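Peer 1: So here's model_0.cif (mmCIF, C-alpha atoms and all ligand atoms).
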```cif
data_my_file
#
loop_
_atom_site.label_atom_id
_atom_site.label_comp_id
_atom_site.auth_asym_id
_atom_site.auth_seq_id
_atom_site.Cartn_x
_atom_site.Cartn_y
_atom_site.Cartn_z
CA MET A 290 159.28 224.05 205.39
CA LYS A 291 158.36 223.88 209.05
CA SER A 292 156.99 221.28 211.39
CA VAL A 293 154.67 222.56 214.08
CA LEU A 294 153.20 221.03 217.24
CA VAL A 295 150.08 222.42 218.94
CA ALA A 296 149.48 221.02 222.42
CA GLY A 297 145.85 221.47 223.37
CA GLY A 298 144.89 221.87 219.72
CA ALA A 299 141.51 220.19 220.18
CA GLY A 300 140.41 222.82 222.69
CA PHE A 301 138.31 225.91 222.14
CA VAL A 302 141.21 228.31 221.55
CA GLY A 303 143.69 225.69 220.30
CA SER A 304 141.45 224.54 217.47
CA HIS A 305 140.98 228.10 216.20
CA LEU A 306 144.75 228.55 216.30
CA VAL A 307 145.18 225.33 214.31
CA ASP A 308 142.83 226.67 211.62
CA ARG A 309 144.96 229.82 211.41
CA LEU A 310 148.23 227.91 211.25
CA LEU A 311 146.94 225.75 208.41
CA ARG A 312 146.52 228.89 206.29
CA ARG A 313 150.33 229.13 206.21
CA ALA A 314 152.13 227.76 203.16
CA ASP A 315 155.47 227.29 204.97
CA ILE A 316 154.20 224.48 207.23
CA ALA A 317 154.80 220.92 206.04
CA ARG A 318 153.43 219.09 209.08
CA LEU A 319 151.16 220.15 211.92
CA VAL A 320 150.72 217.77 214.85
CA VAL A 321 148.01 218.33 217.44
CA VAL A 322 148.61 216.68 220.81
CA ASP A 323 145.55 216.55 223.06
CA ASN A 324 144.26 214.18 225.74
CA LEU A 325 140.66 215.41 225.25
CA TRP A 326 140.28 216.35 228.91
CA SER A 327 138.50 219.58 227.98
CA GLY A 328 139.18 219.43 224.22
CA LEU A 329 136.83 217.83 221.71
CA VAL A 330 137.58 215.85 218.54
CA ASP A 331 134.61 217.63 217.02
CA ASN A 332 136.57 220.92 217.10
CA LEU A 333 138.96 219.47 214.51
CA SER A 334 136.61 217.24 212.53
CA HIS A 335 136.24 219.81 209.70
CA ILE A 336 139.98 219.65 208.85
CA ARG A 337 140.81 217.77 205.64
CA ASP A 338 144.39 219.00 205.28
CA PRO A 339 146.94 216.20 204.68
CA ARG A 340 149.57 218.10 206.71
CA PHE A 341 147.43 217.69 209.83
CA HIS A 342 147.95 214.82 212.33
CA PHE A 343 146.23 214.15 215.64
CA GLU A 344 148.08 212.49 218.51
CA PRO A 345 145.97 211.60 221.56
CA SER A 346 148.31 212.02 224.52
CA ASP A 347 148.84 213.83 227.80
CA VAL A 348 151.09 216.79 227.10
CA GLU A 349 153.52 215.69 229.82
CA ALA A 350 154.04 212.32 228.13
CA VAL A 351 154.03 213.28 224.48
CA GLN A 352 156.35 211.16 222.33
CA SER A 353 157.67 212.13 218.94
CA PRO A 354 160.43 210.68 216.75
CA HIS A 355 161.24 214.14 215.42
CA LEU A 356 161.69 217.65 216.73
CA PHE A 357 159.64 220.71 215.82
CA ASP A 358 160.40 224.21 214.53
CA GLU A 359 157.50 225.76 216.42
CA ILE A 360 155.63 224.58 219.47
CA TYR A 361 152.39 226.12 220.76
CA HIS A 362 151.44 225.20 224.32
CA LEU A 363 147.71 225.63 225.01
CA ALA A 364 147.19 222.36 226.88
CA SER A 365 145.29 223.47 229.99
CA PRO A 366 141.70 223.83 231.08
CA ALA A 367 140.81 227.51 231.43
CA SER A 368 137.41 227.40 233.11
CA PRO A 369 137.40 227.80 236.92
CA PRO A 370 135.11 224.81 237.67
CA TRP A 371 137.27 222.60 235.44
CA TYR A 372 140.64 223.53 236.87
CA MET A 373 139.31 223.65 240.44
CA GLN A 374 138.08 220.08 240.08
CA GLN A 375 141.54 218.78 239.04
CA PRO A 376 144.07 221.30 240.35
CA GLU A 377 147.11 219.00 240.41
CA ARG A 378 146.47 217.94 236.85
CA THR A 379 146.15 221.61 235.84
CA ILE A 380 149.53 222.46 237.35
CA SER A 381 151.07 219.44 235.67
CA ALA A 382 149.62 220.17 232.22
CA ASN A 383 150.98 223.71 232.24
CA LEU A 384 154.35 223.32 233.90
CA ILE A 385 155.43 219.72 233.33
CA GLY A 386 153.82 220.03 229.89
CA ALA A 387 156.07 222.99 229.07
CA MET A 388 159.13 221.11 230.31
CA ARG A 389 158.32 218.10 228.13
CA LEU A 390 157.48 220.21 225.09
CA ARG A 391 160.72 222.17 225.32
CA GLU A 392 162.58 218.88 224.82
CA LEU A 393 160.79 218.47 221.48
CA LEU A 394 161.88 221.82 220.09
CA LYS A 395 164.63 222.04 217.48
CA ASP A 396 167.64 224.22 218.28
CA GLY A 397 166.63 227.73 217.27
CA GLY A 398 162.93 226.78 217.28
CA ARG A 399 160.20 228.96 218.77
CA PHE A 400 158.13 228.14 221.86
CA CYS A 401 154.78 229.96 222.10
CA TYR A 402 152.72 229.86 225.28
CA THR A 403 149.25 231.07 226.17
CA SER A 404 149.56 232.30 229.72
CA SER A 405 146.58 234.21 231.12
CA SER A 406 145.34 237.48 232.55
CA GLU A 407 144.87 235.35 235.69
CA VAL A 408 148.53 236.09 236.47
CA TYR A 409 147.18 239.48 237.66
CA GLY A 410 144.81 237.79 240.14
CA ASP A 411 142.40 240.28 241.72
CA PRO A 412 144.15 243.43 240.47
CA ILE A 413 144.40 246.68 242.39
CA VAL A 414 145.78 248.48 239.32
CA SER A 415 143.48 249.07 236.34
CA PRO A 416 143.98 248.63 233.48
CA GLN A 417 146.75 246.08 233.98
CA PRO A 418 150.00 246.66 232.08
CA GLU A 419 152.34 243.70 231.58
CA SER A 420 154.64 245.22 234.21
CA TYR A 421 151.97 244.89 236.92
CA ARG A 422 152.94 242.00 239.18
CA GLY A 423 149.42 241.08 240.17
CA GLN A 424 147.63 240.06 243.32
CA VAL A 425 147.34 236.28 243.51
CA ASP A 426 146.66 234.13 246.56
CA CYS A 427 149.05 231.23 246.09
CA THR A 428 146.98 229.05 248.46
CA GLY A 429 143.58 230.14 247.14
CA PRO A 430 141.01 228.23 245.06
CA ARG A 431 142.27 229.68 241.77
CA SER A 432 145.92 229.10 242.54
CA SER A 433 146.36 225.89 240.52
CA TYR A 434 145.63 227.85 237.38
CA ASP A 435 147.06 231.25 238.30
CA GLU A 436 150.28 229.98 239.79
CA SER A 437 150.90 227.35 237.12
CA LYS A 438 150.57 230.07 234.48
CA ARG A 439 152.97 232.24 236.48
CA CYS A 440 155.45 229.43 237.07
CA THR A 441 155.35 228.33 233.44
CA GLU A 442 156.10 231.92 232.44
CA ALA A 443 159.05 231.81 234.87
CA PHE A 444 160.26 228.54 233.35
CA LEU A 445 160.07 229.93 229.82
CA PHE A 446 161.62 233.32 230.51
CA GLU A 447 164.42 231.63 232.48
CA SER A 448 164.90 229.25 229.53
CA GLN A 449 165.25 232.33 227.37
CA ARG A 450 167.80 233.83 229.77
CA VAL A 451 169.99 230.79 230.33
CA ARG A 452 169.56 228.96 226.97
CA ASN A 453 168.53 231.75 224.65
CA LEU A 454 165.23 229.96 223.96
CA ASP A 455 163.06 231.87 221.49
CA VAL A 456 159.86 232.27 223.51
CA ARG A 457 156.63 234.17 222.86
CA VAL A 458 154.19 234.51 225.75
CA VAL A 459 150.71 236.02 225.57
CA ARG A 460 148.32 236.86 228.39
CA PRO A 461 144.79 236.60 226.96
CA PHE A 462 141.78 238.16 228.73
CA ASN A 463 138.44 236.27 228.95
CA ILE A 464 138.10 234.73 225.51
CA TYR A 465 134.66 233.55 224.39
CA GLY A 466 133.01 232.38 221.20
CA PRO A 467 132.13 229.35 219.06
CA ARG A 468 133.61 225.97 220.10
CA THR A 469 133.42 226.68 223.80
CA ARG A 470 132.06 223.51 225.38
CA ALA A 471 128.38 223.62 226.30
CA ASP A 472 129.42 222.42 229.79
CA ASP A 473 132.47 224.71 229.98
CA GLY A 474 131.08 226.66 232.93
CA ARG A 475 132.39 230.12 232.06
CA ALA A 476 130.10 233.14 231.89
CA VAL A 477 129.26 233.64 228.21
CA SER A 478 128.79 229.96 227.39
CA ASN A 479 126.80 229.38 230.60
CA PHE A 480 124.50 232.33 229.91
CA ALA A 481 124.01 231.30 226.28
CA MET A 482 123.20 227.67 227.12
CA GLN A 483 120.97 228.62 230.06
CA ALA A 484 118.98 231.05 227.93
CA LEU A 485 118.65 228.61 225.02
CA THR A 486 117.45 225.77 227.25
CA GLY A 487 115.01 227.86 229.26
CA ARG A 488 116.99 227.72 232.51
CA PRO A 489 117.64 230.82 234.62
CA ILE A 490 120.85 232.73 233.96
CA THR A 491 123.04 232.32 237.04
CA ILE A 492 124.88 235.39 238.25
CA TYR A 493 127.50 234.63 240.88
CA GLY A 494 127.09 237.36 243.52
CA ASP A 495 125.80 240.81 242.56
CA GLY A 496 127.19 240.65 239.00
CA LEU A 497 128.99 243.97 239.35
CA GLN A 498 132.36 242.25 238.93
CA SER A 499 133.75 243.06 235.51
CA ARG A 500 135.75 241.41 232.75
CA SER A 501 137.08 242.41 229.35
CA TRP A 502 135.45 239.99 226.94
CA GLY A 503 137.45 239.15 223.82
CA TYR A 504 135.80 237.43 220.87
CA ILE A 505 137.83 234.46 219.66
CA ASP A 506 138.53 235.76 216.11
CA ASP A 507 140.01 239.02 217.40
CA ILE A 508 142.16 237.16 219.91
CA ILE A 509 143.46 234.68 217.33
CA GLU A 510 144.33 237.59 215.05
CA GLY A 511 146.46 239.03 217.87
CA PHE A 512 148.07 235.62 218.50
CA GLU A 513 148.94 235.20 214.82
CA ARG A 514 150.59 238.58 214.62
CA PHE A 515 152.57 238.14 217.82
CA PHE A 516 153.46 234.47 217.49
CA TRP A 517 154.59 234.31 213.87
CA ARG A 518 153.61 237.11 211.51
CA ASP A 519 155.01 240.45 212.64
CA THR A 520 158.72 240.87 213.22
CA PHE A 521 160.25 242.26 216.41
CA ASP A 522 162.54 241.10 219.19
CA TYR A 523 160.10 241.41 222.08
CA ARG A 524 159.21 237.98 223.45
CA GLY A 525 156.48 238.82 225.90
CA PRO A 526 154.57 238.79 228.01
CA LEU A 527 151.96 240.56 225.89
CA ASN A 528 148.39 241.34 226.89
CA ILE A 529 145.91 240.27 224.21
CA GLY A 530 142.31 241.22 224.84
CA ASN A 531 139.50 243.66 224.51
CA ASP A 532 139.98 246.72 226.71
CA ARG A 533 136.28 247.50 226.97
CA GLU A 534 135.44 246.38 230.51
CA ILE A 535 131.87 245.21 231.06
CA SER A 536 130.16 243.92 234.19
CA VAL A 537 128.86 240.35 234.32
CA ILE A 538 125.30 241.60 234.91
CA ASP A 539 125.45 243.68 231.73
CA VAL A 540 126.44 240.62 229.71
CA ALA A 541 123.58 238.65 231.27
CA ARG A 542 121.08 241.44 230.52
CA HIS A 543 122.26 241.49 226.93
CA VAL A 544 121.66 237.74 226.67
CA CYS A 545 118.14 238.31 228.04
CA LYS A 546 117.52 240.84 225.27
CA LEU A 547 118.74 238.40 222.62
CA VAL A 548 116.78 235.43 223.95
CA PRO A 549 113.36 236.73 225.00
CA GLY A 550 111.86 235.02 228.01
CA SER A 551 115.23 234.53 229.75
CA ARG A 552 115.52 235.46 233.39
CA ILE A 553 118.38 236.14 235.77
CA ILE A 554 118.91 234.70 239.24
CA HIS A 555 121.62 235.59 241.72
CA VAL A 556 123.45 232.74 243.43
CA ASP A 557 126.43 232.60 245.82
CA PRO A 558 129.54 234.46 244.68
CA ALA A 559 132.36 232.35 243.25
CA PRO A 560 135.25 231.91 245.72
CA GLN A 561 137.87 234.66 245.42
CA ASP A 562 136.25 235.90 242.23
CA PRO A 563 138.36 238.78 240.86
CA THR A 564 136.41 242.04 241.05
CA ASN A 565 137.76 243.46 237.79
CA ARG A 566 140.06 242.71 234.87
CA CYS A 567 141.07 244.97 231.98
CA PRO A 568 144.15 244.87 229.75
CA ASP A 569 146.43 247.85 229.24
CA LEU A 570 147.05 247.46 225.50
CA THR A 571 149.76 250.11 225.09
CA LEU A 572 152.39 247.50 224.28
CA ALA A 573 150.14 245.49 221.96
CA ARG A 574 149.30 248.65 220.01
CA GLN A 575 153.00 249.48 219.63
CA LEU A 576 154.02 245.98 218.52
CA LEU A 577 150.96 245.07 216.44
CA PRO A 578 149.95 248.36 214.80
CA GLY A 579 146.41 248.21 213.50
CA TRP A 580 145.42 245.27 215.67
CA SER A 581 142.60 245.61 218.18
CA CYS A 582 139.49 243.72 219.19
CA HIS A 583 136.98 244.95 216.62
CA ILE A 584 134.01 242.83 217.66
CA PRO A 585 131.99 244.44 220.48
CA TYR A 586 130.56 242.05 223.07
CA GLU A 587 127.02 242.85 221.90
CA GLN A 588 127.84 241.31 218.51
CA GLY A 589 130.18 238.58 219.78
CA VAL A 590 127.67 237.33 222.34
CA LYS A 591 125.00 237.18 219.63
CA MET A 592 127.30 235.18 217.32
CA THR A 593 128.08 232.82 220.21
CA ILE A 594 124.39 232.28 221.02
CA ASP A 595 123.69 231.64 217.31
CA TRP A 596 126.51 229.10 217.22
CA PHE A 597 125.21 227.24 220.30
CA ALA A 598 121.68 227.26 218.87
CA ASN A 599 123.01 225.76 215.67
CA GLN A 600 124.93 223.09 217.59
CA MET A 601 121.77 222.16 219.47
CA ARG A 602 119.87 221.82 216.17
CA ARG A 603 122.68 219.62 214.79
CA GLU A 604 122.60 217.38 217.84
CA ARG A 605 118.81 217.06 217.69
CA ARG A 606 119.03 216.10 214.01
CA ALA A 607 121.74 213.55 214.76
CA VAL A 608 119.60 212.00 217.52
CA SER A 609 116.48 211.88 215.33
CA ASN A 610 118.49 210.29 212.48
CA GLY A 611 119.57 207.57 214.92
N1 LIG B 701 130.04 234.05 236.24
C1 LIG B 701 128.70 234.16 236.62
N2 LIG B 701 127.86 233.14 236.30
C2 LIG B 701 128.27 232.03 235.61
C3 LIG B 701 129.62 231.94 235.22
C4 LIG B 701 130.48 232.98 235.56
O1 LIG B 701 128.28 235.15 237.24
O2 LIG B 701 127.43 231.15 235.35
C5 LIG B 701 130.93 235.18 236.57
C6 LIG B 701 132.14 234.76 237.38
O3 LIG B 701 131.83 234.74 238.75
C7 LIG B 701 133.14 235.83 237.00
C8 LIG B 701 132.77 236.19 235.57
O4 LIG B 701 131.45 235.71 235.38
O5 LIG B 701 132.97 236.97 237.79
C9 LIG B 701 133.69 235.54 234.55
O6 LIG B 701 133.74 234.19 234.87
P1 LIG B 701 134.42 233.15 233.90
O7 LIG B 701 134.33 231.82 234.58
O8 LIG B 701 133.85 233.29 232.54
O9 LIG B 701 135.93 233.64 233.78
P2 LIG B 701 137.02 234.04 234.91
O10 LIG B 701 136.38 233.99 236.27
O11 LIG B 701 138.09 233.02 234.78
O12 LIG B 701 137.43 235.41 234.54
#
```
What would you get if you wrote out this structure as structure tokens?
Peer 2:
Amino acid sequence: MKSVLVAGGAGFVGSHLVDRLLRRADIARLVVVDNLWSGLVDNLSHIRDPRFHFEPSDVEAVQSPHLFDEIYHLASPASPPWYMQQPERTISANLIGAMRLRELLKDGGRFCYTSSSEVYGDPIVSPQPESYRGQVDCTGPRSSYDESKRCTEAFLFESQRVRNLDVRVVRPFNIYGPRTRADDGRAVSNFAMQALTGRPITIYGDGLQSRSWGYIDDIIEGFERFFWRDTFDYRGPLNIGNDREISVIDVARHVCKLVPGSRIIHVDPAPQDPTNRCPDLTLARQLLPGWSCHIPYEQGVKMTIDWFANQMRRERRAVSNG
């Protein structure tokens, strides 16, 4: 029976991964470490499983009397306004966090890391295969996130080379869906909340910049298969995402269709906003046969809006019940 640690397990993606892990019968103990910087206790409040434990702590300072068979490192903000506000802390959570967590891994244990498609920066190759080295400005406004993801990958792959560490590294592309914070600041959650509260939908720049939007359930399915279910020697990096590339303005227009009365405004472009992003999934298709992102953005965005609407109703009820 295994003991598992999930750093960042109270976050949007981390909490969905925790739900998936708890379906496994070979796990005796699952510890979530989270300092609730961008994570929320509410994301875990539905869990009644006695194997589950929550440890409020910074990832860099996590203490544990015992070592773990598997460690999942998702402790990082992922939204540009969040990481840009606290860039040093973002670098620390990723890199120093990985260094601390590695010390808590049993010999022969597995270290799984969620890197990011941000390692490709503003790409001049499309779609981006894992072998593409990217175009990142290491002094730019996104560098705390991009470069800490890149450096943490370096740390882990070097740990594999010099210590034979069993690592698994994924590079997810623009994940969205239920449990994103209402104040997260990324596109889909912003558009959903703006539409639902009668505020204008803010497009940064002309909206022609594109992303490949992956619904959370599809992404977690890919994580499960790569991190623990399927068997192969490849350790990563592996692109996990939806390879249907859609412009930001098209997503906003779709939200307008779903929430009648919504309107779009254009505001200043985000600094060094990547113009495009699309995964080359050749490797993922080879390693994880049958896996792909099945949920089109039209459906995923609707499910996300429905989830936010439901959350708003819940909060209103809670307020009116005192
Ligand atoms: N974006 C936008 N309005 C918003 C939030 C985001 O136009 O209110 C744009 C943003 O400039 C970017 C795209 O949507 O081009 C995706 O942004 P997000 O923050 O979701 O992810 P990332 O930039 O990290 O890919």
Peer 1: Residues within 8 Å of ligand LIG 701 (chain B), counting all atoms listed in the file: report them as an NGL selection string.
Peer 2: :A and (367-370 or 407 or 462-463 or 474-480 or 490-494 or 496 or 498-500 or 537-538 or 558-559 or 562-564 or 566)
Peer 1: Would you be able to write out as number ranges by chain which residues have an atom within 12 Å of (167.6, 229.7, 227.9) in the file's coordinates, counting all atoms listed in the file?
Peer 2: A: 391, 396-400, 443-456
Peer 1: Mind pulling up the distance from CA of Ile584 in chain A to CA of Tyr465 in chain A?
Peer 2: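 Value for the CA of Tyr465 in chain A-CA of Ile584 in chain A distance: 11.5 Å.
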Peer 1: Nearest residue to Asp347 in chain A out of A:Pro430, A:Pro467, A:Gly410, A:Gly328, using all atoms listed in the file?
Peer 2: A:Gly328
Peer 1: Show me as a compact mmCIF listing (two decimals) with C-alpha atoms, keeping the file's coordinate frame the residues that reach within 7 Å of (147.5, 219.9, 219.5), counting all atoms listed in the file and using the file's own coordinates.
Peer 2:
```txt
# COMPACT_ATOMS: atom_id res chain seq x y z
CA LEU A 294 153.20 221.03 217.24
CA VAL A 295 150.08 222.42 218.94
CA ALA A 296 149.48 221.02 222.42
CA GLY A 297 145.85 221.47 223.37
CA GLY A 298 144.89 221.87 219.72
CA ALA A 299 141.51 220.19 220.18
CA GLY A 303 143.69 225.69 220.30
CA VAL A 320 150.72 217.77 214.85
CA VAL A 321 148.01 218.33 217.44
CA VAL A 322 148.61 216.68 220.81
CA ASP A 323 145.55 216.55 223.06
```
Peer 1: With distances taken over all atoms listed in the file, which of A:Gly300, A:Pro585, A:Gly511, A:Pro412 is nearest to Pro366 in chain A?
Peer 2: A:Gly300
Peer 1: Can you work out which one of A:Tyr586, A:Pro578, A:Met601, A:Gly487 has the shortest atom-to-atom distance to Ile553 in chain A, counting only C-alpha atoms?
Peer 2: A:Gly487
Peer 1: What does the structure give for the distance between CA of Pro568 in chain A and CA of Asn528 in chain A, in Å to one decimal?
Peer 2: 6.2 Å
Peer 1: With distances taken over all atoms listed in the file, which of A:Ile505, A:Val544, A:Val408, A:Ala387 is nearest to Ser304 in chain A?
Peer 2: A:Ile505
Peer 1: From the options A:Pro354, A:Pro345, A:Trp517, A:Ile413, which residue's atoms come nearest to Leu310 in chain A, counting only C-alpha atoms?
Peer 2: A:Trp517
Peer 1: Between A:Asp532, A:Asp331, A:Asp308, A:Asp472, which residue has the minimum interatomic distance to Asp569 in chain A, considering only C-alpha atoms?
Peer 2: A:Asp532
Peer 1: As a compact mmCIF listing (two decimals) with C-alpha atoms, in the frame of the given file, please: the residues near His355 in chain A (cut-off 10 Å, only C-alpha atoms, same-chain neighbours under 6 positions excluded).
Peer 2:
```txt
# COMPACT_ATOMS: atom_id res chain seq x y z
CA SER A 292 156.99 221.28 211.39
CA LEU A 393 160.79 218.47 221.48
CA LEU A 394 161.88 221.82 220.09
CA LYS A 395 164.63 222.04 217.48
```
Peer 1: Excluding same-chain residues fewer than 6 positions from range 373-381 of chain A, what lies within 12 Å of it counting all atoms listed in the file, as a JSON list (two decimals) with C-alpha atoms, in the frame of the given file?
Peer 2:
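Below is the file around19.json, written as the result:
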```json
[["chain", "number", "residue", "atom", "x", "y", "z"],
["A", 324, "ASN", "CA", 144.26, 214.18, 225.74],
["A", 326, "TRP", "CA", 140.28, 216.35, 228.91],
["A", 327, "SER", "CA", 138.50, 219.58, 227.98],
["A", 347, "ASP", "CA", 148.84, 213.83, 227.80],
["A", 348, "VAL", "CA", 151.09, 216.79, 227.10],
["A", 349, "GLU", "CA", 153.52, 215.69, 229.82],
["A", 350, "ALA", "CA", 154.04, 212.32, 228.13],
["A", 363, "LEU", "CA", 147.71, 225.63, 225.01],
["A", 364, "ALA", "CA", 147.19, 222.36, 226.88],
["A", 365, "SER", "CA", 145.29, 223.47, 229.99],
["A", 366, "PRO", "CA", 141.70, 223.83, 231.08],
["A", 367, "ALA", "CA", 140.81, 227.51, 231.43],
["A", 387, "ALA", "CA", 156.07, 222.99, 229.07],
["A", 388, "MET", "CA", 159.13, 221.11, 230.31],
["A", 389, "ARG", "CA", 158.32, 218.10, 228.13],
["A", 428, "THR", "CA", 146.98, 229.05, 248.46],
["A", 429, "GLY", "CA", 143.58, 230.14, 247.14],
["A", 430, "PRO", "CA", 141.01, 228.23, 245.06],
["A", 431, "ARG", "CA", 142.27, 229.68, 241.77],
["A", 432, "SER", "CA", 145.92, 229.10, 242.54],
["A", 433, "SER", "CA", 146.36, 225.89, 240.52],
["A", 434, "TYR", "CA", 145.63, 227.85, 237.38],
["A", 435, "ASP", "CA", 147.06, 231.25, 238.30],
["A", 436, "GLU", "CA", 150.28, 229.98, 239.79],
["A", 437, "SER", "CA", 150.90, 227.35, 237.12],
["A", 438, "LYS", "CA", 150.57, 230.07, 234.48],
["A", 439, "ARG", "CA", 152.97, 232.24, 236.48],
["A", 440, "CYS", "CA", 155.45, 229.43, 237.07],
["A", 441, "THR", "CA", 155.35, 228.33, 233.44],
["A", 474, "GLY", "CA", 131.08, 226.66, 232.93],
["A", 559, "ALA", "CA", 132.36, 232.35, 243.25],
["A", 560, "PRO", "CA", 135.25, 231.91, 245.72]]
```
Peer 1: Please compute the CA of Gly503 in chain A-CA of Thr593 in chain A distance, one decimal, in Å.
Peer 2: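 According to the coordinates, CA of Gly503 in chain A and CA of Thr593 in chain A are separated by 11.9 Å.
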Peer 1: Please report, as lines of an AutoDock Vina configuration file, the centre and edge lengths in Å to one decimal of an axis-aligned box covering all listed atoms of range 566-580 of chain A with 3 Å per side.
Peer 2:
```
center_x = 147.0
center_y = 246.4
center_z = 224.2
size_x = 20.0
size_y = 13.4
size_z = 27.4
```
Peer 1: As a list in words, please: the residues near Ile509 in chain A (cut-off 9 Å, all atoms listed in the file, same-chain neighbours under 3 positions excluded).
Peer 2: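 What passes the distance filter is Val302, His305, Leu306, Arg309, Tyr504, Ile505, Asp506, Phe512, Glu513 and Arg514 of chain A.
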Peer 1: Give me, as a ChimeraX atom specification, all polymer residues having an atom no more than 9 Å from Tyr409 in chain A, counting only C-alpha atoms and skipping those fewer than 5 positions away in the same chain.
Peer 2: /A:417,421-425,435,566
Peer 1: Please identify every residue of range 382-429 of chain A that has at least one atom no farther than 10 Å from an atom of range 520-527 of chain A, counting only C-alpha atoms, and for each give the shortest atom pair and the distance in Å to one decimal, arranged by chain then increasing number, as CSV.
Peer 2:
```
residue,atom,partner,partner_atom,distance
A:Cys401,CA,A:Arg524,CA,9.3
A:Tyr402,CA,A:Pro526,CA,9.5
A:Thr403,CA,A:Pro526,CA,9.6
A:Ser404,CA,A:Pro526,CA,8.4
A:Ser405,CA,A:Pro526,CA,9.7
A:Ser406,CA,A:Leu527,CA,9.9
A:Pro418,CA,A:Leu527,CA,8.9
A:Glu419,CA,A:Pro526,CA,6.5
A:Ser420,CA,A:Pro526,CA,8.9
```
